[in-house]
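Q: For reference, the structure I am asking about is given below.
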Amino acid sequence: MVKTAVELCGITLDNPVMAASGTFGYGAEFAELYDINILGSFSFKGTTAQERFGNPTPRIAETSSGMLNAVGLQNPGVKKVLSHELPEMKKFFKKKVMANISGFSVEEYIEICEALNDEEAIGWYEINISCPNVHGGGMAFGTDETLAALVTREVKKVAKKPIIIKLSPNVTDIKKIAAACEQAGADGLSLINTLMGMRIDLKTRKPLLANRTGGLSGKAIFPVALRMVYDVYEAVSIPIVGLGGISSAEDVIEMMLAGACAVQIGTANLTDPYICRDIINSLPEIMEKYGISDIKEIIGGAH
Amino acid sequence: MEQRFFSVTENRQIAPLRFIMKLFAEEAGITTPGQFINIKLEGFTLRRPFSVCEFDENSLTVAYKVVGEGTEIMSRMGIGKKLDVLTGLGNGFDTENCPDNPLIIGGGMGVAPLLPLCKELSLSGKAPKVILGFHSAEEIILLEEYSSYCNDVTVTTSDGTAGMKGRVTDAMDELHNCSYIFCCGSEGMMKSVFEKAKCPGQYSFEERMGCGFGSCMGCSRKTKNGYKRVCKEGPVFDSEEIIW
Ligand SMILES: Cc1cc2nc3c(=O)[nH]c(=O)nc-3n(C[C@H](O)[C@H](O)[C@H](O)COP(=O)(O)OP(=O)(O)OC[C@H]3O[C@@H](n4cnc5c(N)ncnc54)[C@H](O)[C@@H]3O)c2cc1C
Ligand SMILES: Cc1cc2nc3c(=O)[nH]c(=O)nc-3n(C[C@H](O)[C@H](O)[C@H](O)COP(=O)(O)O)c2cc1C
Ligand code: FES
């Protein structure tokens with residue numbers, strides 16, 4: 001029997017596989033398909049202080065081996081998440097969930113953390129400072145070392161859960177931002193969020209997305225995400241959650257060799273709603289194939 | 001929603017660029033007219049959504065138009081080809097609460113999801129009237145099928161090459177006592193139907209989709225009752241809640 005358990009900021013995960021924010025809602029759609037308690041955990045949809053509709057449609061476009069999205073953080077707002085989404089989720093998900101938090105100001109991040117602090121179903125805060133699809137705030141915090149450190153420091157002061165800062169790949173040197181977050185008190189990092197991209201419709205000669213630009217995700221970004229996790233692993237000593245284009249157990253192992261102690265699966269859930277289950281089921285066999293008896297031992301193994 | 005593996009039992013051209021694909025599985029998973037399926041195509045990240053235009057327990061049919069790479073690949077699929085399909089998606093039409101003589105109005109490929117609706121209404125003893133609008137005669141699809149369920153079918157073409165020359169809204173003029181509408185077509189067409197009809201009804205929408213089963217918020221639409229997902233709370237919306 002191989003060992004698949006890993007630890008993330010003091011909480012043990014049965015396996016390193018989590019579902020990524022924005023592709024898994026609050027779990028309900030997937031819980032109808034399989035018992036999602038087999039997951040290590042999942043990160044729920046980016047939550048803001050107030051309800052948001054997000055961007056106009058079309059919000060989705062296809063790319064080679066991937067997709068663009070410009071959803072723009074549609075969510076019911078933190079109050080409704082607490083009063084409705086989480087009570088529903090707790091009926092079918094018994095593990096700790098990761099709360100993905102987005103804000104347009106430092107105060108907003110703080111407000112959301114304070115509102116969620118006493119919710120025992122939440123294991124970690126994933127502070128999204130990297131959403132490319134909202135204007136004002138969002139990614140601005142994630143592309144500037146000083147601002148990234150500021151958000152981290154202020155959130156850390158109020159947060160009663162470990163804080164994992166979700167980094168943007170749309171930067172010149174992700175190691176600098178990662179190090180700044182670590183210094184400011186981050187308990188962990190997750191990377192990467194989507195890469196800014198666009199498509200133009202040849203018939204209308206206009207951008208395909210109503211927002212004009214969107215975030216690229218899916219298989220196409222796996223090598224980019226892997227390289228960034230590899231680099232950041234050398235720059236910090238806090239745990240890293242690796243994501244971007246993962247769609248197989250082999251990808252999970254590769255990402256962990258680069259330095260991730262857990263991984264998230266995003267876009268692949270949209271193509272194959274059973275993908276997390278299938279990856280978790282095949283992980284032991286793939287581990288055996290590569291002579292891995294305890295998955296913890298391979299974290300950062302490529303360095 | 002269920003994932004099912006279907007095999008292609010028929011895939012034939014019915015008009016220029018327009019095809020019918022019949023799929024077979026142990027259980028087809030469609031329960032209501034107006035529901036759709038999402039087909040996985042090798043080499044693509046996003047599945048392709050299609051309305052179901054005929055179904056029974058173990059088979060379903062889609063009528064599709066070749067518009068891009070995915071549908072082009074579909075048009076070349078042979079009999080026996082296995083397809084990974086998410087089935088039973090969306091709400092479908094509510095047939096319980098409509099009057100006895102509703103008007104069904106379809107435009108272009110929008111005639112597809114209304115066909116099983118027409119069948120169900122007719123079989124349940126109601127007497128729907130049907131208006132099908134196309135650009136020209138060569139684009140007409142599913143007319144025979146409609147005619148087998150309903151003896152009051154009007155066809156309009158914008159160039160006058162078949163049926164009545166004009167738009168579906170022109171054909172609405174001839175029908176005076178319309179009290180309920182079921183409609184699917186381009187958003188512009190549906191809006192003019194709605195404005196002309198001034199009566200309640202249900203309208204089926206399209207949107208670019210990331211997942212097709214409610215988890216990505218890619219397909220949201222503002223309604224009078226809040227934000228709704230076209231793939232989950234839709235694609236059929238009640239006229240009362242639609243914001244045009
Ligand atoms: C609920 C629903 C029901 C549909 N029913 C039918 C039907 O019965 N018959 C039919 O011919 N078509 C139908 N469509 C449209 C059909 O999904 C698209 O024509 C098809 O996805 C085009 O794929 P493609 O690869 O050929 O085109 P491409 O343009 O190459 O596709 C690129 C991307 O855009 C998406 N896309 C392109 N056009 C549309 C569109 N009109 N709506 C939504 N997504 C689109 C594709 O799915 C793909 O992700 C339906 C769409 C929806 C949302
Ligand atoms: C439709 C969609 C919505 C997303 N929404 C969020 C979000 O609300 N918060 C967030 O931190 N990341 C969001 N993401 C980014 C993903 O969590 C992930 O970082 C990114 O897609 C890369 O992983 P992947 O290639 O496995 O999808 C979203 C991605 C997609 C495709
Ligand atoms: S397409 Fe994903 S929620 Fe509708």
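Chain labels follow the order of the structure tokens: the first chain is A, the next B, and so on; residue numbering restarts at 1 in every chain, and ligands are counted from 1 in their shown order.
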Could you tell me, as a PDB file with N, CA, C and O atoms, in the first residue's frame, which residues of region 60-95 of chain A DSSP assigns to strand (DSSP E or B) when given the backbone?
A:
```pdb
ATOM      1  N   ILE A  60     -16.526  32.886 -22.027  1.00  0.00           N
ATOM      2  CA  ILE A  60     -15.737  31.674 -22.238  1.00  0.00           C
ATOM      3  C   ILE A  60     -15.304  31.593 -23.699  1.00  0.00           C
ATOM      4  O   ILE A  60     -16.107  31.867 -24.598  1.00  0.00           O
ATOM      5  N   ALA A  61     -14.064  31.234 -23.937  1.00  0.00           N
ATOM      6  CA  ALA A  61     -13.629  30.980 -25.317  1.00  0.00           C
ATOM      7  C   ALA A  61     -12.636  29.828 -25.303  1.00  0.00           C
ATOM      8  O   ALA A  61     -11.944  29.605 -24.309  1.00  0.00           O
ATOM      9  N   GLU A  62     -12.583  29.127 -26.419  1.00  0.00           N
ATOM     10  CA  GLU A  62     -11.664  27.997 -26.469  1.00  0.00           C
ATOM     11  C   GLU A  62     -10.318  28.423 -27.042  1.00  0.00           C
ATOM     12  O   GLU A  62     -10.231  29.366 -27.814  1.00  0.00           O
ATOM     13  N   THR A  63      -9.269  27.718 -26.656  1.00  0.00           N
ATOM     14  CA  THR A  63      -7.925  27.945 -27.209  1.00  0.00           C
ATOM     15  C   THR A  63      -7.311  26.578 -27.460  1.00  0.00           C
ATOM     16  O   THR A  63      -7.865  25.567 -27.032  1.00  0.00           O
ATOM     17  N   GLY A  66      -6.667  24.472 -24.266  1.00  0.00           N
ATOM     18  CA  GLY A  66      -7.041  25.227 -23.078  1.00  0.00           C
ATOM     19  C   GLY A  66      -8.271  26.060 -23.322  1.00  0.00           C
ATOM     20  O   GLY A  66      -9.023  25.839 -24.275  1.00  0.00           O
ATOM     21  N   MET A  67      -8.474  27.019 -22.452  1.00  0.00           N
ATOM     22  CA  MET A  67      -9.635  27.902 -22.580  1.00  0.00           C
ATOM     23  C   MET A  67      -9.333  29.244 -21.947  1.00  0.00           C
ATOM     24  O   MET A  67      -8.398  29.388 -21.151  1.00  0.00           O
ATOM     25  N   LEU A  68     -10.136  30.236 -22.321  1.00  0.00           N
ATOM     26  CA  LEU A  68     -10.077  31.535 -21.669  1.00  0.00           C
ATOM     27  C   LEU A  68     -11.362  31.718 -20.887  1.00  0.00           C
ATOM     28  O   LEU A  68     -12.429  31.314 -21.355  1.00  0.00           O
ATOM     29  N   ASN A  69     -11.265  32.309 -19.694  1.00  0.00           N
ATOM     30  CA  ASN A  69     -12.495  32.696 -19.011  1.00  0.00           C
ATOM     31  C   ASN A  69     -12.379  34.124 -18.533  1.00  0.00           C
ATOM     32  O   ASN A  69     -11.297  34.599 -18.201  1.00  0.00           O
ATOM     33  N   ASN A  75     -20.285  35.730  -7.695  1.00  0.00           N
ATOM     34  CA  ASN A  75     -20.496  34.976  -6.449  1.00  0.00           C
ATOM     35  C   ASN A  75     -21.571  35.659  -5.634  1.00  0.00           C
ATOM     36  O   ASN A  75     -21.870  36.835  -5.834  1.00  0.00           O
TER      37      ASN A  75
END
```
Q: Residues of chain A were defined as contacting chain B if any atom lay at most 10 Å from it, counting only C-alpha atoms; please report them as an NGL selection string.
A: :A and (21-30 or 32-33 or 45 or 52-76 or 209 or 217-220 or 266-274)
Q: Could you tell me which of B:Pro16, B:Thr223, B:Gly125, B:Ile30 comes closest to Asn91 (chain B) if we count only C-alpha atoms?
A: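 Closest candidate: B:Ile30.
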Q: Write out as an MDAnalysis selection string each polymer residue (protein, DNA or RNA) that has an atom no more than 7 Å from ligand 1, with only C-alpha atoms and all ligand atoms counted.
A: (chainID A and resid 61:62) or (chainID B and resid 36 46:52 62:72 109:110 112:113 205:209 231 235)
Q: In Å, how far is it from atom 1 (S, counted along the ligand's line) of ligand 3 to CA of Gly242 (chain A)?
A: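 Separation between atom 1 (S, counted along the ligand's line) of ligand 3 and CA of Gly242 (chain A): 24.9 Å.
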Q: Taking into account only C-alpha atoms and all ligand atoms, which residue in the set B:Asp56, B:Leu89, B:Ala15, B:Ile140 is nearest to ligand 3?
A: B:Leu89
Q: Please indicate the distance in Å from CA of Ile73 (chain B) to CA of Phe24 (chain B), rounded to one decimal place.
A: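 A separation of 18.9 Å between them.
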Q: I need the helix (DSSP H, G or I) residues of region 48-212 of chain A per DSSP on the backbone, written as a ChimeraX atom specification.
A: /A:78-92,106-116,138-143,145-158,174-183
Q: Which residue is closest to Val97 (chain A)? Choose from A:Glu111, A:Glu126, A:Asp144, A:Asp251 and count only C-alpha atoms.
A: A:Glu126
Q: Hey, what's within 8 Å of region 147-152 of chain A if we count only C-alpha atoms and toss same-chain stuff fewer than 4 positions away? As a count of residues only, please?
A: 16
Q: Figure out the distance between CA of Leu283 (chain A) and CA of Ile253 (chain A), please, to one decimal in Å.
A: 8.7 Å
